[in-house]
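Reading through the structure tokens given below for one structure.
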Amino acid sequence: MTEKYEGSFADFNLRPQLLRAIERKGFEHPMPVQIAVLEDETLVDNDIIVQAKTGSGKTLAFALPLLNKINNHDRTPQIIVLSPTRELAQQTAREFAWLGADLGIRVATLVGGLDMERQIRSLRDGASVVVGTPGRILDHIRRSTLKTENIKSVVLDEGDDMLDMGFRDEMEAILDSMEGVERTWLFSATMPPEVLSLAKNYLDAPKKISLVSDITAHSEITQRGYIIPSRKRFEGLTNVLIWENPSRCLLFCGTKAETQEIADRLCDNGFRATAIHGDMSQRERNNALSALRGGRVLILVATDVAARGLDIDAVSHVIQYGLPQNLESFVHRSGRTGRAGHEGSNLILLTAREAHNFKNMISHSGSKLKIEWIPAPDAAEIEGQSRLRFEHNIIEHALESDEFESWAQELLGRDEAAILVSGLLAKAYGDQPSGYTIREDVQNEMDREKGRRNKGESKSTRGERFKRPDMTGGIAVHFGQGRNDGWEVGPLLGSLCRNLGIGREDVGNIKLRDESAIVELSPRGADMLEARRERLSRDGLTVSAIKPTGGDRRSSRYDGDRSYRDDAGTRHERGRRERNGERSRERDSERSGRRRFVKK
């Protein structure tokens, strides 16, 4: 199934109208996921679960058999497709539109952020296929503008992403509202427990198709890891971009604020880049996608949430800037390149310490993922490669036309030929991007990390190696954001080190909760926080309170154990008497509650 299929779509029992549409589109050979669904004609009468990686051609895999069976004379909704994002829903709707054009199929796209009345009109005009996001589709069902009694087919596209984005309640409400459904098809790149639970509750004895033996083993994708310096992270990113020279690139960052900052800094450095994140309007998001597809920008800087469901052809590079939250996030990101049989590069840019943590993440998962780890290129290496690339481009242009060949021969015969060539190079090559000198920083950090894992160290020494840093004289910083705001320990640590200009050794314990986080900082980290707090604010981290750590009872900046000052400078008492009184009242309340439930 993984080998290229040399047959055609005509080998399957498809309507002539569908075959004509496919021929007009220029598709010659079906892809593996399409073959898997089309070759077994009994599947169309069953619930199915299909596990296939992003970009494998799954939209046609469910659109073809469903349109092949649809009653094209019935102008009521018969097929409904749920998608995690507006962009994916719009892309899927366009696929159904061109594929079903000769059948007279009309498609309604129901997504948030677009005009509700326009969507209602498209339903009234006789849409047989409905594609949309769970929230907006459920809204139409509750308004009774979307009639579900004639819906026979339901497709849950990118099921793992929809559940990961918190759409479970909406999905279940939609599925519960439809009683005449004959088939429910679930397409998902991964199969976490939440997806399996949903399938168990709503799919009837589903047949399973898996085209993913190891989700991390994408043969079309080259995996490389670049080691960048912790205090020159952006410089490392710049060097990698110049070195790799991507034709179309998705650059993943940890937070919305970071995407915008990185995109702005890249533009300042001469790159054609733009950001896409959740704070942007739908029009701004669409403009960013159009700019990338049209070649007006080459780099789209995105968060995980903003990039979910994006269908962008010919992405040559995916670059992951900093530690991903988990290996599954890494896999989802990498699947944005190497799509539809094309080759691609997935790059992850980490500090030496982060690279060690990421390698542990891979080994503990049992994955067979292989990554080539190399130091980020230095300015001298970039200069050499840039010159070779420039010379290659010059030769290509010269071979296309001999208009200037005689003039060139004349110039080369002059005594000042070297000066003329030098002047031409200065004028033509002068605007080429140059890199940063970072090799010494990278090597020093790699050597330090290697020293921590000295092969000759004893077990006791290894135990000491992982002892948390001494935070004596430091502070405990309380942030008003936590897991519910999309933060994980890795990205939080990365944001602190990046924005404050500190190393991992300046960060102690990190306590991450749903709505808050507490981070210990060394005295040096405390000083940098005072000077650079606004950088954290741009990254979405707001300081709600600051306390001294246990070893700093005498710090003049704080009021010892009895109080602390919050971000607005307000003094908060934390007296022992007050705490003891609260604990006493809590114990009395608990005893009272227990007495009420004693069986007599």
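Residues are named by chain letter and number: chains run A, B, ... in the order of the structure tokens, numbers start at 1 in each chain, and ligands are numbered from 1 in the order shown.
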From segment 46-192 of chain A, collect each residue whose DSSP state is alpha helix (DSSP H) and return the set as a PyMOL selection string.
-> chain A and resi 58-69+86-99+116-124+134-143+159-164+168-176
Once DSSP has gone over the backbone, tell me which residues of segment 308-362 of chain A are in strand (DSSP E), as a list in words.
->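 The residues of segment 308-362 of chain A classed as strand (DSSP E) are His317, Val318, Ile319, Gln320, Tyr321, Gly344, Ser345, Asn346, Leu347, Ile348, Leu349 and Leu350 of chain A.
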Might you pull out every residue within 9 Å of Leu175 of chain A, with only C-alpha atoms counted and same-chain residues fewer than 4 positions away left off, and present them as a list in words?
->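 The neighbour list is Val154, Glu170, Met171, Glu179, Val181 and Tyr202 of chain A.
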Could you pull the residues within 12 Å of Val195 of chain A, counting only C-alpha atoms, minus those fewer than 6 positions along the same chain, as a PyMOL selection string?
-> chain A and resi 49-51+156-164+167-168+171+186-189+201-203
What lies within 9 Å of segment 19-27 of chain A using only C-alpha atoms, ignoring chain neighbours under 6 positions off, as a PyMOL selection string?
-> chain A and resi 8-10+98-102
Kindly save the residues from that selection, with N, CA, C and O atoms included, as an mmCIF file, in the first residue's frame.
```cif
data_model
loop_
_atom_site.group_PDB
_atom_site.id
_atom_site.type_symbol
_atom_site.label_atom_id
_atom_site.label_comp_id
_atom_site.auth_asym_id
_atom_site.auth_seq_id
_atom_site.Cartn_x
_atom_site.Cartn_y
_atom_site.Cartn_z
ATOM 1 N N SER A 8 -5.395 3.974 -12.131
ATOM 2 C CA SER A 8 -6.066 5.277 -12.183
ATOM 3 C C SER A 8 -7.362 5.210 -11.394
ATOM 4 O O SER A 8 -7.792 4.147 -10.936
ATOM 5 N N PHE A 9 -8.001 6.369 -11.237
ATOM 6 C CA PHE A 9 -9.285 6.417 -10.547
ATOM 7 C C PHE A 9 -10.361 5.661 -11.316
ATOM 8 O O PHE A 9 -11.357 5.237 -10.734
ATOM 9 N N ALA A 10 -10.149 5.488 -12.627
ATOM 10 C CA ALA A 10 -11.127 4.752 -13.437
ATOM 11 C C ALA A 10 -11.182 3.271 -13.069
ATOM 12 O O ALA A 10 -12.128 2.570 -13.469
ATOM 13 N N TRP A 98 -15.638 21.452 -6.293
ATOM 14 C CA TRP A 98 -15.168 21.122 -7.642
ATOM 15 C C TRP A 98 -15.422 19.662 -7.981
ATOM 16 O O TRP A 98 -15.687 19.313 -9.137
ATOM 17 N N LEU A 99 -15.369 18.800 -6.974
ATOM 18 C CA LEU A 99 -15.571 17.380 -7.232
ATOM 19 C C LEU A 99 -17.027 17.076 -7.585
ATOM 20 O O LEU A 99 -17.303 16.235 -8.455
ATOM 21 N N GLY A 100 -17.963 17.777 -6.948
ATOM 22 C CA GLY A 100 -19.379 17.497 -7.199
ATOM 23 C C GLY A 100 -20.038 18.453 -8.167
ATOM 24 O O GLY A 100 -21.274 18.437 -8.302
ATOM 25 N N ALA A 101 -19.249 19.271 -8.872
ATOM 26 C CA ALA A 101 -19.832 20.290 -9.765
ATOM 27 C C ALA A 101 -20.706 19.669 -10.852
ATOM 28 O O ALA A 101 -21.830 20.130 -11.110
ATOM 29 N N ASP A 102 -20.235 18.609 -11.516
ATOM 30 C CA ASP A 102 -21.007 17.992 -12.607
ATOM 31 C C ASP A 102 -22.229 17.245 -12.092
ATOM 32 O O ASP A 102 -23.136 16.917 -12.874
#
```
Counting only C-alpha atoms, figure out which residue out of A:Ala263, A:Leu350, A:Val155, A:Leu123 gets nearest to Val44 of chain A.
-> A:Val155
Long-range neighbours of segment 68-84 of chain A as a PyMOL selection string, 6 Å cut-off, only C-alpha atoms, 3 positions minimum in chain = chain A and resi 64-65+89+126-133+150-157+162
Closest pair table for segment 208-256 of chain A residues within 9 Å of segment 382-389 of chain A, only C-alpha atoms, as CSV:
```
residue,atom,partner,partner_atom,distance
A:Asn239,CA,A:Ile382,CA,7.3
A:Val240,CA,A:Ile382,CA,9.0
A:Ile242,CA,A:Ile382,CA,7.2
A:Trp243,CA,A:Ile382,CA,6.0
```
Name the residues in contact with segment 355-363 of chain A at a cut-off of 9 Å, using only C-alpha atoms, excluding same-chain residues fewer than 2 positions from it; report them as JSON, numbers by chain.
-> {"A": [225, 226, 227, 323, 324, 326, 327, 349, 350, 351, 352, 353, 365, 366, 367, 368, 369, 373, 449]}
The selected residues should be written to file as a CSV table (one decimal), in the first residue's frame (atoms: N, CA and C atoms).
```csv
chain,number,residue,atom,x,y,z
A,225,GLY,N,18.1,18.4,13.7
A,225,GLY,CA,18.1,19.3,14.9
A,225,GLY,C,19.3,20.2,14.9
A,226,TYR,N,19.0,21.5,15.1
A,226,TYR,CA,20.1,22.5,15.1
A,226,TYR,C,20.3,22.9,16.6
A,227,ILE,N,21.5,22.9,17.1
A,227,ILE,CA,21.8,23.4,18.4
A,227,ILE,C,22.1,24.9,18.3
A,323,LEU,N,11.3,23.9,22.5
A,323,LEU,CA,10.8,22.6,22.9
A,323,LEU,C,9.3,22.5,22.6
A,324,PRO,N,8.8,21.5,21.9
A,324,PRO,CA,7.4,21.3,21.7
A,324,PRO,C,6.8,20.8,23.0
A,326,ASN,N,5.0,18.2,23.6
A,326,ASN,CA,5.1,16.8,23.7
A,326,ASN,C,5.5,16.2,22.3
A,327,LEU,N,5.8,14.9,22.3
A,327,LEU,CA,6.2,14.3,21.0
A,327,LEU,C,5.0,14.4,20.0
A,349,LEU,N,14.9,23.6,16.5
A,349,LEU,CA,16.0,24.5,17.0
A,349,LEU,C,15.9,24.5,18.5
A,350,LEU,N,17.0,24.0,19.1
A,350,LEU,CA,17.0,23.8,20.6
A,350,LEU,C,18.4,24.2,21.1
A,351,THR,N,18.4,24.6,22.4
A,351,THR,CA,19.7,24.8,23.1
A,351,THR,C,20.2,23.4,23.4
A,352,ALA,N,21.4,23.4,23.8
A,352,ALA,CA,22.0,22.1,24.2
A,352,ALA,C,21.3,21.3,25.3
A,353,ARG,N,20.8,22.1,26.3
A,353,ARG,CA,20.1,21.5,27.4
A,353,ARG,C,18.7,21.0,26.9
A,365,SER,N,9.4,7.5,24.8
A,365,SER,CA,8.2,7.2,24.1
A,365,SER,C,8.3,5.9,23.3
A,366,GLY,N,9.5,5.4,23.2
A,366,GLY,CA,9.7,4.2,22.4
A,366,GLY,C,9.7,4.4,20.9
A,367,SER,N,9.7,5.7,20.5
A,367,SER,CA,9.7,6.0,19.0
A,367,SER,C,11.0,5.6,18.4
A,368,LYS,N,10.9,5.3,17.1
A,368,LYS,CA,12.1,5.1,16.3
A,368,LYS,C,12.6,6.3,15.5
A,369,LEU,N,12.1,7.4,15.9
A,369,LEU,CA,12.4,8.7,15.2
A,369,LEU,C,14.0,8.9,15.3
A,373,TRP,N,21.6,15.6,14.6
A,373,TRP,CA,21.9,16.8,15.4
A,373,TRP,C,23.2,17.5,15.0
A,449,GLU,N,27.1,21.0,28.6
A,449,GLU,CA,26.1,19.9,28.7
A,449,GLU,C,26.8,18.5,28.6
```
Any idea what the distance is between atom CA of Thr190 of chain A and atom CA of Val111 of chain A?
-> 24.2 Å
